[in-house]
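Trainee: Dropping in upload.csv, with CSV, C-alpha atoms and all ligand atoms.
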```csv
chain,number,residue,atom,x,y,z
A,22,MET,CA,22.8,9.9,-206.0
A,23,ASN,CA,24.8,7.4,-204.1
A,24,GLU,CA,28.5,6.7,-204.8
A,25,TRP,CA,27.8,3.8,-207.2
A,26,GLU,CA,25.4,6.0,-209.3
A,27,LEU,CA,27.8,8.9,-209.3
A,28,ASP,CA,30.8,6.7,-210.3
A,29,PHE,CA,28.7,5.2,-213.1
A,30,LEU,CA,27.7,8.7,-214.3
A,31,ARG,CA,31.3,10.0,-214.1
A,32,ARG,CA,32.7,7.1,-216.1
A,33,ILE,CA,30.3,7.5,-219.0
A,34,VAL,CA,30.4,11.4,-219.0
A,35,GLN,CA,34.3,11.2,-219.1
A,36,LEU,CA,33.9,9.7,-222.6
A,37,ASP,CA,33.0,12.1,-225.4
A,38,THR,CA,30.4,10.1,-227.2
A,39,ASN,CA,29.1,12.9,-229.5
A,40,SER,CA,27.1,11.4,-232.4
A,41,THR,CA,28.6,13.8,-234.9
A,42,GLU,CA,32.0,12.0,-234.7
A,43,GLN,CA,30.5,8.7,-233.3
A,44,LYS,CA,33.5,8.1,-231.1
A,45,ASN,CA,34.1,6.2,-227.8
A,46,TYR,CA,30.9,4.2,-228.5
A,47,VAL,CA,32.5,0.8,-227.8
A,48,GLU,CA,34.2,1.9,-224.6
A,49,CYS,CA,31.0,3.6,-223.4
A,50,SER,CA,28.8,0.6,-224.1
A,51,GLU,CA,31.3,-1.7,-222.3
A,52,ILE,CA,31.2,0.4,-219.2
A,53,ILE,CA,27.4,0.5,-219.3
A,54,LYS,CA,27.4,-3.3,-219.7
A,55,SER,CA,29.5,-3.8,-216.7
A,56,TYR,CA,27.4,-1.5,-214.5
A,57,CYS,CA,24.2,-3.3,-215.7
A,58,GLU,CA,25.7,-6.7,-214.9
A,59,GLU,CA,26.7,-5.4,-211.5
A,60,ALA,CA,23.1,-4.3,-211.0
A,61,GLY,CA,22.0,-7.9,-211.7
A,62,LEU,CA,20.7,-7.4,-215.2
A,63,SER,CA,21.4,-9.7,-218.1
A,64,VAL,CA,23.0,-7.8,-221.0
A,65,GLU,CA,22.9,-8.2,-224.8
A,66,ILE,CA,24.8,-6.0,-227.2
A,67,PHE,CA,23.2,-5.4,-230.7
A,68,ASP,CA,25.8,-3.8,-233.0
A,69,PRO,CA,24.6,-3.3,-236.5
A,70,ASN,CA,28.3,-2.8,-237.4
A,71,HIS,CA,27.1,-0.8,-240.5
A,72,ASP,CA,29.9,0.3,-242.9
A,73,GLY,CA,32.5,-1.2,-240.5
A,74,ARG,CA,31.5,1.3,-237.8
A,75,HIS,CA,30.6,0.1,-234.3
A,76,GLN,CA,27.3,1.4,-233.0
A,77,PRO,CA,26.6,-0.9,-230.1
A,78,ASN,CA,23.1,-0.8,-228.6
A,79,VAL,CA,23.0,-2.1,-225.0
A,80,VAL,CA,19.8,-4.0,-224.0
A,81,ALA,CA,19.7,-4.8,-220.3
A,82,THR,CA,16.9,-7.2,-219.1
A,83,LEU,CA,15.3,-7.9,-215.8
A,84,ASP,CA,13.1,-11.0,-216.3
A,85,VAL,CA,10.9,-11.6,-213.3
A,86,GLY,CA,8.7,-14.1,-215.3
A,87,ALA,CA,5.9,-11.5,-215.6
A,88,ASP,CA,3.3,-11.4,-218.4
A,89,LYS,CA,4.2,-7.9,-219.3
A,90,THR,CA,7.4,-6.2,-220.4
A,91,VAL,CA,8.2,-2.5,-220.0
A,92,LEU,CA,10.8,-0.9,-222.2
A,93,LEU,CA,12.9,2.0,-220.8
A,94,CYS,CA,14.4,3.9,-223.7
A,95,THR,CA,17.6,6.0,-223.1
A,96,HIS,CA,20.7,7.0,-225.1
A,97,TYR,CA,24.4,7.3,-224.4
A,98,ASP,CA,25.4,9.6,-227.3
A,99,VAL,CA,25.6,13.3,-226.7
A,100,VAL,CA,25.8,16.5,-228.8
A,101,PRO,CA,29.3,18.0,-229.2
A,102,ALA,CA,30.5,20.2,-226.2
A,103,GLY,CA,30.8,23.2,-228.5
A,104,ASP,CA,33.1,25.9,-227.3
A,105,VAL,CA,34.9,24.1,-224.5
A,106,ASP,CA,36.5,27.4,-223.2
A,107,ALA,CA,33.0,28.8,-222.7
A,108,TRP,CA,32.2,26.1,-220.1
A,109,THR,CA,32.6,27.0,-216.4
A,110,TYR,CA,33.1,23.3,-215.6
A,111,PRO,CA,35.0,20.7,-217.7
A,112,PRO,CA,32.4,19.2,-220.1
A,113,PHE,CA,33.8,15.7,-220.0
A,114,ASP,CA,33.9,15.2,-216.2
A,115,VAL,CA,31.2,15.5,-213.5
A,116,THR,CA,31.3,18.5,-211.2
A,117,VAL,CA,28.9,18.5,-208.2
A,118,LYS,CA,27.6,21.9,-206.9
A,119,GLU,CA,24.9,21.6,-204.3
A,120,ASP,CA,21.8,20.1,-206.0
A,121,ARG,CA,23.4,20.1,-209.4
A,122,VAL,CA,25.9,17.9,-211.4
A,123,TYR,CA,27.5,19.5,-214.4
A,124,GLY,CA,28.9,17.9,-217.6
A,125,ARG,CA,28.0,17.2,-221.2
A,126,GLY,CA,25.2,14.7,-221.3
A,127,VAL,CA,24.6,14.6,-217.5
A,128,THR,CA,20.9,15.2,-218.1
A,129,ASP,CA,20.6,14.3,-221.9
A,130,ASP,CA,20.7,11.5,-221.5
A,131,LYS,CA,23.4,9.8,-219.4
A,132,GLY,CA,21.9,10.7,-216.0
A,133,ASN,CA,18.7,9.0,-217.2
A,134,VAL,CA,20.7,5.9,-218.3
A,135,VAL,CA,22.0,5.7,-214.7
A,136,ALA,CA,18.5,6.4,-213.3
A,137,ALA,CA,17.0,3.5,-215.3
A,138,VAL,CA,19.7,1.0,-214.4
A,139,SER,CA,19.7,2.1,-210.8
A,140,ALA,CA,15.9,1.7,-210.6
A,141,ALA,CA,16.3,-1.9,-211.9
A,142,LYS,CA,19.1,-2.5,-209.4
A,143,GLU,CA,16.8,-1.4,-206.5
A,144,LEU,CA,13.9,-3.5,-207.9
A,145,ILE,CA,16.1,-6.6,-208.0
A,146,LYS,CA,17.3,-5.9,-204.4
A,147,ARG,CA,13.7,-5.5,-203.2
A,148,GLY,CA,12.3,-8.3,-205.4
A,149,THR,CA,9.2,-6.2,-206.0
A,150,SER,CA,9.0,-5.7,-209.8
A,151,LYS,CA,5.6,-6.8,-211.2
A,152,VAL,CA,6.9,-6.5,-214.8
A,153,ASN,CA,9.9,-7.5,-216.8
A,154,LEU,CA,12.1,-4.6,-217.8
A,155,LYS,CA,14.2,-4.0,-220.9
A,156,ILE,CA,16.5,-1.0,-220.7
A,157,LEU,CA,17.4,0.2,-224.2
A,158,ILE,CA,20.6,2.2,-224.2
A,159,SER,CA,21.4,3.4,-227.7
A,160,PRO,CA,23.7,5.6,-229.7
A,161,ASN,CA,22.8,8.1,-232.4
A,162,GLU,CA,19.7,9.5,-230.8
A,163,GLU,CA,20.9,13.0,-231.4
A,164,ILE,CA,21.1,12.3,-235.1
A,165,GLY,CA,17.7,10.7,-235.4
A,166,GLY,CA,18.2,7.2,-234.0
A,167,ILE,CA,19.4,5.5,-237.1
A,168,TRP,CA,21.4,2.3,-236.2
A,169,GLY,CA,20.3,3.1,-232.6
A,170,ILE,CA,16.7,2.9,-231.4
A,171,ASP,CA,15.5,2.6,-235.0
A,172,TYR,CA,17.7,-0.6,-235.4
A,173,LEU,CA,16.5,-2.1,-232.1
A,174,VAL,CA,12.8,-1.6,-232.9
A,175,ASN,CA,12.7,-1.9,-236.7
A,176,GLY,CA,15.8,-3.9,-237.4
A,177,PRO,CA,16.6,-7.6,-236.7
A,178,PRO,CA,16.5,-7.3,-232.9
A,179,ALA,CA,12.8,-6.3,-233.3
A,180,ILE,CA,12.5,-5.4,-229.6
A,181,ARG,CA,8.9,-5.3,-228.4
A,182,GLY,CA,7.1,-4.6,-225.1
A,183,ASP,CA,3.7,-3.8,-223.7
A,184,PHE,CA,4.6,-0.3,-222.7
A,185,ALA,CA,7.6,2.1,-223.3
A,186,VAL,CA,8.9,4.9,-221.2
A,187,VAL,CA,11.2,7.3,-223.1
A,188,VAL,CA,13.5,8.4,-220.3
A,189,ASP,CA,14.7,11.3,-222.3
A,190,SER,CA,12.3,14.1,-221.4
A,191,GLY,CA,11.5,16.7,-218.7
A,192,PRO,CA,10.4,16.3,-215.1
A,193,ASN,CA,7.7,18.9,-215.0
A,194,TYR,CA,5.0,17.1,-217.0
A,195,ILE,CA,4.3,13.6,-218.4
A,196,SER,CA,4.4,13.5,-222.1
A,197,ILE,CA,2.2,11.1,-224.0
A,198,GLY,CA,2.5,12.5,-227.5
A,199,ALA,CA,4.5,14.9,-229.7
A,200,SER,CA,3.9,17.2,-232.6
A,201,GLY,CA,4.6,16.2,-236.2
A,202,ILE,CA,6.5,18.4,-238.7
A,203,LEU,CA,6.2,19.5,-242.2
A,204,ALA,CA,9.1,21.8,-243.3
A,205,GLY,CA,10.3,23.0,-246.7
A,206,THR,CA,10.9,25.8,-249.1
A,207,ILE,CA,8.7,27.8,-251.5
A,208,THR,CA,10.8,29.1,-254.3
A,209,VAL,CA,9.5,32.2,-256.1
A,210,HIS,CA,10.8,32.6,-259.7
A,211,GLY,CA,11.4,36.0,-261.3
A,212,THR,CA,14.1,37.1,-263.7
A,213,GLN,CA,17.5,38.4,-262.8
A,214,GLY,CA,19.0,41.6,-264.2
A,215,HIS,CA,20.7,45.0,-263.8
A,216,ALA,CA,19.0,47.2,-261.1
A,217,GLY,CA,19.2,50.2,-263.4
A,218,TYR,CA,16.5,48.5,-265.6
A,219,PRO,CA,13.9,47.4,-263.1
A,220,PHE,CA,11.1,47.6,-265.8
A,221,ALA,CA,12.9,44.9,-267.8
A,222,PHE,CA,13.0,42.2,-265.0
A,223,ASN,CA,10.7,40.4,-262.6
A,224,ASN,CA,12.1,41.1,-259.1
A,225,ALA,CA,11.7,37.9,-257.0
A,226,ILE,CA,11.6,39.8,-253.7
A,227,HIS,CA,8.9,42.1,-254.9
A,228,LEU,CA,6.9,39.1,-256.2
A,229,SER,CA,7.3,37.4,-252.8
A,230,ILE,CA,5.7,40.2,-250.8
A,231,PRO,CA,2.0,39.3,-251.6
A,232,LEU,CA,2.8,35.6,-251.0
A,233,LEU,CA,4.4,36.4,-247.6
A,234,ASN,CA,1.4,38.5,-246.7
A,235,SER,CA,-1.0,35.7,-247.6
A,236,LEU,CA,1.1,33.1,-245.7
A,237,MET,CA,0.3,35.1,-242.6
A,238,GLU,CA,-3.3,34.0,-243.1
A,239,PHE,CA,-2.1,30.4,-243.2
A,240,ILE,CA,-0.7,30.9,-239.7
A,241,ASP,CA,-4.2,31.8,-238.5
A,242,LEU,CA,-5.7,28.8,-240.3
A,243,ARG,CA,-3.2,26.5,-238.6
A,244,ARG,CA,-3.8,28.1,-235.2
A,245,LYS,CA,-7.5,27.0,-235.4
A,246,VAL,CA,-6.5,23.3,-235.5
A,247,THR,CA,-6.7,21.8,-232.0
A,248,SER,CA,-5.6,18.4,-230.6
A,249,GLU,CA,-7.5,16.2,-228.2
A,250,LEU,CA,-4.3,16.3,-226.1
A,251,PRO,CA,-3.3,19.0,-223.7
A,252,ALA,CA,-0.4,21.4,-224.5
A,253,PRO,CA,2.5,21.5,-222.0
A,254,PRO,CA,2.6,24.0,-219.1
A,255,GLY,CA,3.4,27.5,-220.2
A,256,SER,CA,1.7,27.3,-223.6
A,257,PRO,CA,-0.7,30.0,-224.7
A,258,TYR,CA,-3.5,27.5,-225.4
A,259,GLN,CA,-4.9,24.7,-223.3
A,260,ASN,CA,-4.6,22.0,-226.0
A,261,LEU,CA,-1.9,21.4,-228.5
A,262,TRP,CA,-2.5,23.4,-231.7
A,263,GLY,CA,-1.3,23.7,-235.3
A,264,ARG,CA,1.6,26.1,-235.9
A,265,PHE,CA,3.2,27.6,-239.0
A,266,SER,CA,6.2,29.8,-239.1
A,267,ILE,CA,8.2,31.4,-241.9
A,268,THR,CA,11.7,30.6,-240.8
A,269,MET,CA,14.1,31.7,-243.5
A,270,PHE,CA,14.0,34.1,-246.4
A,271,HIS,CA,16.9,34.0,-248.9
A,272,SER,CA,17.2,36.2,-252.0
A,273,GLY,CA,19.6,38.4,-253.8
A,274,THR,CA,23.3,38.6,-254.1
A,275,LYS,CA,24.3,42.3,-254.7
A,276,THR,CA,22.6,45.7,-254.2
A,277,ASN,CA,22.7,46.4,-257.9
A,278,ILE,CA,21.2,43.1,-259.1
A,279,ILE,CA,17.5,42.4,-259.3
A,280,PRO,CA,17.1,39.0,-257.8
A,281,GLY,CA,15.8,36.2,-260.0
A,282,THR,CA,14.7,33.9,-257.2
A,283,ALA,CA,13.6,34.1,-253.6
A,284,ASP,CA,13.4,31.1,-251.2
A,285,ILE,CA,10.8,31.2,-248.5
A,286,SER,CA,11.3,28.4,-245.9
A,287,PHE,CA,8.7,27.3,-243.5
A,288,ASP,CA,8.2,25.1,-240.5
A,289,CYS,CA,4.7,23.7,-239.9
A,290,ARG,CA,4.0,21.8,-236.6
A,291,LEU,CA,1.2,19.3,-236.7
A,292,ILE,CA,-1.0,18.0,-234.0
A,293,PRO,CA,-0.6,14.2,-233.5
A,294,GLU,CA,-3.9,13.5,-235.2
A,295,GLU,CA,-2.8,15.1,-238.5
A,296,ASP,CA,-1.3,13.4,-241.5
A,297,PRO,CA,1.6,15.3,-243.0
A,298,ASP,CA,0.5,14.5,-246.6
A,299,THR,CA,-3.0,16.0,-246.0
A,300,ILE,CA,-1.5,19.2,-244.6
A,301,ALA,CA,1.0,19.3,-247.4
A,302,GLY,CA,-2.0,19.1,-249.8
A,303,ASP,CA,-3.7,22.0,-248.0
A,304,LEU,CA,-0.6,24.1,-248.2
A,305,GLU,CA,0.0,23.4,-251.9
A,306,LYS,CA,-3.6,24.4,-252.6
A,307,PHE,CA,-3.2,27.6,-250.6
A,308,VAL,CA,0.0,28.5,-252.3
A,309,ALA,CA,-1.4,27.6,-255.8
A,310,GLU,CA,-4.4,30.0,-255.3
A,311,ILE,CA,-2.2,32.9,-254.3
A,312,THR,CA,0.2,32.2,-257.1
A,313,SER,CA,-2.5,32.3,-259.7
A,314,ASP,CA,-4.2,35.3,-258.1
A,315,VAL,CA,-1.0,37.4,-258.2
A,316,GLY,CA,0.4,35.8,-261.4
A,317,ILE,CA,3.7,34.5,-260.0
A,318,GLU,CA,5.5,31.3,-260.6
A,319,THR,CA,6.4,29.1,-257.6
A,320,GLU,CA,7.8,25.7,-256.7
A,321,LEU,CA,7.3,23.9,-253.4
A,322,ASN,CA,9.8,21.4,-251.9
A,323,TYR,CA,9.8,19.6,-248.6
A,324,ILE,CA,12.8,18.6,-246.5
A,325,THR,CA,10.9,17.1,-243.5
A,326,LYS,CA,7.6,15.3,-243.4
A,327,ALA,CA,7.0,13.4,-240.1
A,328,LYS,CA,3.8,12.4,-238.4
A,329,GLY,CA,3.4,13.1,-234.6
A,330,TRP,CA,2.4,10.5,-232.2
A,331,SER,CA,0.1,10.0,-229.2
A,332,SER,CA,-0.8,7.4,-226.7
A,333,ASP,CA,-4.3,6.8,-225.4
A,334,PRO,CA,-4.5,8.5,-221.9
A,335,GLU,CA,-7.0,5.8,-221.0
A,336,ASN,CA,-4.6,2.9,-221.7
A,337,PRO,CA,-4.3,1.0,-218.3
A,338,LEU,CA,-0.5,1.1,-218.3
A,339,THR,CA,-0.4,4.8,-219.2
A,340,LYS,CA,-2.8,5.4,-216.3
A,341,ILE,CA,-0.5,3.4,-213.9
A,342,PHE,CA,2.5,5.4,-215.1
A,343,VAL,CA,0.7,8.7,-214.5
A,344,SER,CA,-0.3,7.4,-211.0
A,345,ALA,CA,3.3,6.5,-210.3
A,346,VAL,CA,4.5,10.0,-211.2
A,347,HIS,CA,1.7,11.6,-209.2
A,348,GLU,CA,2.6,9.5,-206.2
A,349,VAL,CA,6.3,10.1,-206.3
A,350,VAL,CA,6.5,13.7,-207.6
A,351,SER,CA,3.2,15.6,-207.2
A,352,PRO,CA,-0.5,14.8,-207.7
A,353,ASP,CA,-0.7,18.0,-209.8
A,354,LEU,CA,1.9,17.1,-212.4
A,355,PRO,CA,0.1,17.6,-215.8
A,356,VAL,CA,-0.1,15.1,-218.7
A,357,ALA,CA,0.5,16.8,-222.1
A,358,ALA,CA,1.9,16.3,-225.6
A,359,ASP,CA,5.2,17.9,-226.7
A,360,LEU,CA,5.4,21.0,-228.9
A,361,GLY,CA,8.5,19.5,-230.5
A,362,GLY,CA,9.1,16.0,-231.6
A,363,ASN,CA,10.6,13.0,-229.7
A,364,ASP,CA,11.4,9.3,-230.0
A,365,GLY,CA,8.0,8.0,-228.8
A,366,HIS,CA,7.0,7.5,-232.5
A,367,TYR,CA,9.4,4.5,-232.7
A,368,PHE,CA,7.2,2.6,-230.2
A,369,THR,CA,3.7,3.9,-231.0
A,370,ARG,CA,4.2,3.1,-234.7
A,371,VAL,CA,4.6,-0.6,-233.8
A,372,GLY,CA,1.6,-0.4,-231.4
A,373,ILE,CA,3.4,0.1,-228.0
A,374,PRO,CA,1.8,2.7,-225.8
A,375,THR,CA,4.4,5.2,-224.7
A,376,ALA,CA,5.0,7.9,-222.1
A,377,CYS,CA,8.0,10.2,-221.7
A,378,TYR,CA,9.5,11.3,-218.4
A,379,GLY,CA,13.1,12.3,-217.4
A,380,THR,CA,15.5,14.7,-215.8
A,381,ILE,CA,15.8,17.2,-218.8
A,382,ALA,CA,14.2,20.3,-217.3
A,383,ASP,CA,13.9,23.4,-219.6
A,384,ASP,CA,16.6,25.3,-217.8
A,385,THR,CA,19.3,22.6,-217.7
A,386,ASN,CA,21.3,23.9,-220.8
A,387,PHE,CA,21.0,20.5,-222.6
A,388,HIS,CA,22.8,20.8,-225.9
A,389,GLY,CA,24.3,24.1,-224.6
A,390,ILE,CA,27.1,25.3,-222.4
A,391,ASP,CA,27.2,24.1,-218.7
A,392,GLU,CA,24.6,21.4,-219.1
A,393,PHE,CA,23.5,20.2,-215.7
A,394,MET,CA,21.1,17.8,-213.9
A,395,ARG,CA,19.4,18.4,-210.6
A,396,PHE,CA,19.8,15.5,-208.1
A,397,SER,CA,16.3,16.1,-207.0
A,398,ASP,CA,15.0,15.5,-210.6
A,399,TYR,CA,17.2,12.4,-210.8
A,400,GLU,CA,15.5,11.0,-207.7
A,401,LYS,CA,12.1,11.8,-209.1
A,402,VAL,CA,12.8,9.8,-212.2
A,403,LYS,CA,14.5,6.9,-210.5
A,404,ASN,CA,11.7,6.6,-207.9
A,405,THR,CA,9.0,6.9,-210.5
A,406,LEU,CA,10.4,4.0,-212.5
A,407,ILE,CA,10.7,1.9,-209.3
A,408,ARG,CA,7.1,2.7,-208.3
A,409,PHE,CA,5.7,2.1,-211.8
A,410,ALA,CA,7.3,-1.4,-211.9
A,411,GLU,CA,5.9,-2.2,-208.5
A,412,MET,CA,2.4,-0.9,-209.3
A,413,CYS,CA,2.0,-2.8,-212.6
A,414,GLU,CA,-0.2,-5.9,-212.6
A,501,ZN,ZN,18.2,13.1,-225.4
```
As structure tokens, please, write out the structure in this file.
Ligand SMILES: [Zn+2]
Mentor:
Amino acid sequence: MNEWELDFLRRIVQLDTNSTEQKNYVECSEIIKSYCEEAGLSVEIFDPNHDGRHQPNVVATLDVGADKTVLLCTHYDVVPAGDVDAWTYPPFDVTVKEDRVYGRGVTDDKGNVVAAVSAAKELIKRGTSKVNLKILISPNEEIGGIWGIDYLVNGPPAIRGDFAVVVDSGPNYISIGASGILAGTITVHGTQGHAGYPFAFNNAIHLSIPLLNSLMEFIDLRRKVTSELPAPPGSPYQNLWGRFSITMFHSGTKTNIIPGTADISFDCRLIPEEDPDTIAGDLEKFVAEITSDVGIETELNYITKAKGWSSDPENPLTKIFVSAVHEVVSPDLPVAADLGGNDGHYFTRVGIPTACYGTIADDTNFHGIDEFMRFSDYEKVKNTLIRFAEMCE
């Protein structure tokens, strides 16, 4: 990182822009705007000003008169610092130690904001970009993107491009997809009563046991579902697969009371090819069968239903992006789909092929204490973005 880049990073990390409180957004967007302008980009601010709250989205454009436009998607909000006293370094400043820079948001995603702007600055200096660039720098990513990237793509700004890079991801593989999610709660109904009279009541915990047992079979059923897309490095299977976990079990209030209800919560991860409603139907059928077999009464409610996404690995721009990473970083870097979710769906849903690449390595404590970014990863991301823009035709 040169001095300009580190100053840019420092100034935006010094502002606590956590999206829980949504503070310092205006100040942060103004600093970003001034650095983008210094880099030679033209800047527009799209502020939905919803409910009298400022949520400025910065869009910085490099127009080289090319046919194609590439979107670089980043965000300037962060998660709260948490227990500030637990940090070794001050969260709202940058501390440089050898190959690392510490601070809240340095890697998620403020370092990536700087990498994208700095890549554009270098391309302007060289005059070598073969594509127009639009850098999207939004708030509210950490709370789902509402009035942030969602507003830019689906709201009045209706930003479009021929390809999107979500610069909010890891440096050790190129992601071209992410898992969907189906999560909710199965409530088992029994009857509540005095524990001295167990014969008189239906214990909801006891009734849950056969259901929990059978749900273990659903885990096996889900595991047999396999995506066309590879799983990330370190996964137990080569391709992305369906997952089901029982994540919470709540029942009972006192040792001497027979519980009347039990809540079994689950998290089901879908491969990008799956439709959440179809899998919800499978699960409902599965639960209904057990329910009638063992003669219990249940109710199923969902809290999250979201489809995954994927981009065609054979898309010409996807292929060029992969070549750029391979040239800059390593020819062995794998292409995979994420086990979790990410923001790529905003673009693929409106037909824009998307890849994700960024500085957020697994061990960088993002969202945790002592978040850091490696300068070597920063250079990988910046140089990849530069090479990609130079290689596009
Ligand atoms: Zn992020």
Trainee: I'd like to know which of A:Pro219, A:Pro297, A:Gly61, A:Gly165 is closest to ligand ZN 501 (chain A), using all atoms listed in the file.
Mentor: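 With all atoms listed in the file as the atom set, the closest residue is A:Gly165.
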Trainee: What's the 12 Å shell around segment 143-147 of chain A, counting only C-alpha atoms, without same-chain residues fewer than 4 positions away, as JSON, numbers by chain?
Mentor: {"A": [26, 57, 58, 59, 60, 61, 62, 63, 82, 83, 84, 85, 136, 137, 138, 139, 151, 152, 153, 154, 403, 404, 405, 406, 407, 408, 409, 410, 411, 412]}
Trainee: Find the spatial neighbours of Met269 of chain A, counting only C-alpha atoms, within a cut-off of 9 Å - ignore same-chain residues fewer than 4 positions away - and output them as a list of chain:residue names.
Mentor: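 Returned residues: A:Thr206, A:Asp284, A:Ile285, A:Ser286, A:Phe287.
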Trainee: I want to know what sits within 9 Å of Glu305 of chain A, based on all atoms listed in the file, with residues of the same chain fewer than 5 positions away left out; could you give that as an NGL selection string?
Mentor: :A and (300 or 310 or 321)
Trainee: Those selected residues, please, written with C-alpha atoms and delivered as an mmCIF file, keeping the file's coordinate frame.
Mentor:
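Okay, this is what ended up in selection20.cif:
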```
data_model
loop_
_atom_site.group_PDB
_atom_site.id
_atom_site.type_symbol
_atom_site.label_atom_id
_atom_site.label_comp_id
_atom_site.auth_asym_id
_atom_site.auth_seq_id
_atom_site.Cartn_x
_atom_site.Cartn_y
_atom_site.Cartn_z
ATOM 1 C CA ILE A 300 -1.500 19.200 -244.600
ATOM 2 C CA GLU A 310 -4.400 30.000 -255.300
ATOM 3 C CA LEU A 321 7.300 23.900 -253.400
#
```
Trainee: Between A:Pro280, A:Pro257, A:Gly166, A:Gly263, which one has atoms that come closest to ligand ZN 501 (chain A), using all atoms listed in the file?
Mentor: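 The closest residue to ligand ZN 501 (chain A) is A:Gly166.
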Trainee: Go through the chains and note each residue within 12 Å of ligand ZN 501 (chain A), using only C-alpha atoms and all ligand atoms, then give the set as a PyMOL selection string.
Mentor: chain A and resi 39-40+94-100+125-134+158-166+170+187-191+362-365+377-382+387-388
Trainee: With only C-alpha atoms as the atoms that count, which of A:Ile66, A:Cys49, A:Val122, A:Leu30 lies nearest to Phe393 of chain A?
Mentor: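 Among A:Ile66, A:Cys49, A:Val122, A:Leu30, it is A:Val122 that comes nearest to Phe393 of chain A.
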Trainee: Interatomic distance between atom CA of Val209 of chain A and atom CA of Ile292 of chain A?
Mentor: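 Between atom CA of Val209 of chain A and atom CA of Ile292 of chain A the gap works out to 28.3 Å.
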Trainee: As a ChimeraX atom specification, please: the residues near segment 331-341 of chain A (cut-off 7 Å, only C-alpha atoms, same-chain neighbours under 5 positions excluded).
Mentor: /A:184,197-199,293,374-376,409,412-413
Trainee: Using all atoms listed in the file, find the one residue out of A:Gly211, A:Val105, A:Trp168, A:Glu119 that sits nearest to Arg74 of chain A.
Mentor: A:Trp168
Trainee: Which of these residues is nearest to Phe368 of chain A, using all atoms listed in the file: A:Asn23, A:Asn175, A:Asn224, A:Asn78?
Mentor: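 Closest to Phe368 of chain A, using all atoms listed in the file: A:Asn175.
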Trainee: Leaving out Asp68 of chain A and any residue of its chain fewer than 6 positions from it, which residues lie within 9 Å of it when counting only C-alpha atoms, given as a list in words?
Mentor: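 So the residues in contact are His75, Gln76, Pro77, Asn78, Val79, Trp168 and Gly169 of chain A.
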Trainee: Expressed in Å to a single decimal, how great is the separation between atom CA of Thr116 of chain A and atom CA of Ala102 of chain A?
Mentor: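 Rounded to one decimal, the two atoms are 15.1 Å apart.
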Trainee: How many Å separate atom CA of Trp262 of chain A from atom CA of Thr319 of chain A?
Mentor: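 These atoms are spaced 28.0 Å apart.
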Trainee: My list of candidates is A:Gly273, A:Gly214, A:Pro253, A:Gly372. Which is closest to Val356 of chain A when distances are computed with all atoms listed in the file?
Mentor: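 The answer is A:Pro253, which sits nearest to Val356 of chain A.
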